[in-house]
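The next block holds one structure in the form of structure tokens; read it before the comments.
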Amino acid sequence: MTGAPASAAGGTGATPVRGGKLGAAAVNQASLWNIANLLTMARLVLVPGFVVLLLHDGGYDPAWRSIAWAAFAIAMITDVFDGHLARKYNLVTDFGKIADPIADKAIMGAALICLSYLGDLPWWVTGVILFRELGITVLRFWVIRHGVIPASRGGKMKTLAQGTAVGMYVLALTGPLATMRFWVMAVAVVLTVVTGLDYVRQAVVLRRQGRAEERAAAAQEAAQNAEAALESAKDEGQASRRAGTASEGARGPERVAGNRGAAEAER
């Protein structure tokens with residue numbers, strides 16, 4: 001993946017990596033047409049092609065479904081490599097941060113919806129998975145000002161289980177393999193729900209910590225401002241006293257001269 005809130009990369013949700021030899025300016029100047037972004041673009045292009053292949057001839061031709069599976073597998077593989085390349089070679093771009101999670105959800109969502117449309121997969125399974133994925137995306141934006149929710153091991157296992165299960169459903173399997181794919185999808189759904197709840201917990205904790213830090217920072221800033229105002233008042237008071245002393249010193253000779261003039265007048 002080329003960048004996410006998330007992480008995620010699921011999220012990814014990891015912060016852009018700063019290269020050891022390349023400065024931040026070099027990272028910002030990474031070309032849009034780098035290999036990581038090209039892989040992401042290829043995955044986006046694969047989505048409509050995958051849908052056409054899967055639904056071709058009513059969606060029940062084993063040959064076409066095998067070709068559709070190949071397209072789906074390529075999309076899943078590029079999802080792994082584009083993120084690795086982006087992080088390793090400092091190819092993170094704003095386009096990648098936006099396009100990568102869209103491509104991830106587009107290929108998975110297209111596969112789930114098509115499979116449910118064909119009657120191979122219950123709609124509630126599609127609903128649970130898509131609701132979870134969209135919900136986590138919203139959560140990442142909800143807490144992004146406080147930090148990034150990192151991709152967990154459970155999240156990676158969920159992605160692997162989902163990709164494997166959906167891939168098995170795309171193929172026209174029969175017999176024991178058809179039964180096996182049911183259990184693989186069951187594992188994927190369980191991991192989807194469990195990791196989704198864990199992300200919610202992390203988001204709530206992260207937001208609470210962020211708000212507590214903001215309140216502490218605001219209190220510290222207020223204390224510093226009050227201390228600065230007190231010091232400023234002290235400085236003004238000292239300056240005023242010095243000015244008063246200087247004024248008294250300046251009026252001293254005038255009073256002496258006035259006293260002398262009064263004495264001479266009395267004589």
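Starting from 1 in every chain, residues are counted up; chains themselves are A, B, ... following the order of the structure tokens, and ligands are numbered from 1 as listed.
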All residues 8 Å or closer to Ala161 of chain A, only C-alpha atoms, same chain fewer than 3 positions away omitted, as number ranges by chain
A: 157-158, 164-165, 184-185, 187-188
Under the rule that only C-alpha atoms are counted, which of A:Arg207, A:Arg65, A:Arg181, A:Lys97 is the nearest residue to Ala111 of chain A?
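Selected residue with least distance to Ala111 of chain A: A:Arg65.
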Determine, for each residue of segment 142-241 of chain A having at least one atom at most 12 Å from an atom of segment 79-94 of chain A, the closest pair of atoms and their separation in Å to one decimal, counting only C-alpha atoms; order by chain and ascending number, as JSON lines.
{"residue": "A:Lys156", "atom": "CA", "partner": "A:Val80", "partner_atom": "CA", "distance": 10.8}
{"residue": "A:Thr159", "atom": "CA", "partner": "A:Asp79", "partner_atom": "CA", "distance": 10.7}
{"residue": "A:Leu160", "atom": "CA", "partner": "A:Val80", "partner_atom": "CA", "distance": 10.7}
{"residue": "A:Gly163", "atom": "CA", "partner": "A:Asp79", "partner_atom": "CA", "distance": 11.0}
Run DSSP on the backbone and give me the residues of segment 29-98 of chain A it puts in alpha helix (DSSP H), as a ChimeraX atom specification.
/A:35-55,62-88,94-98
How far is it from atom CA of Glu236 of chain A to atom CA of Gln220 of chain A, in Å with one decimal?
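A separation of 24.1 Å between them.
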One decimal place gives the atom CA of Phe141 of chain A-atom CA of Ala219 of chain A separation as 26.2 Å
Atom-to-atom span, atom CA of Gly135 of chain A and atom CA of Val200 of chain A, Å
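Calculated distance between atom CA of Gly135 of chain A and atom CA of Val200 of chain A is 9.1 Å.
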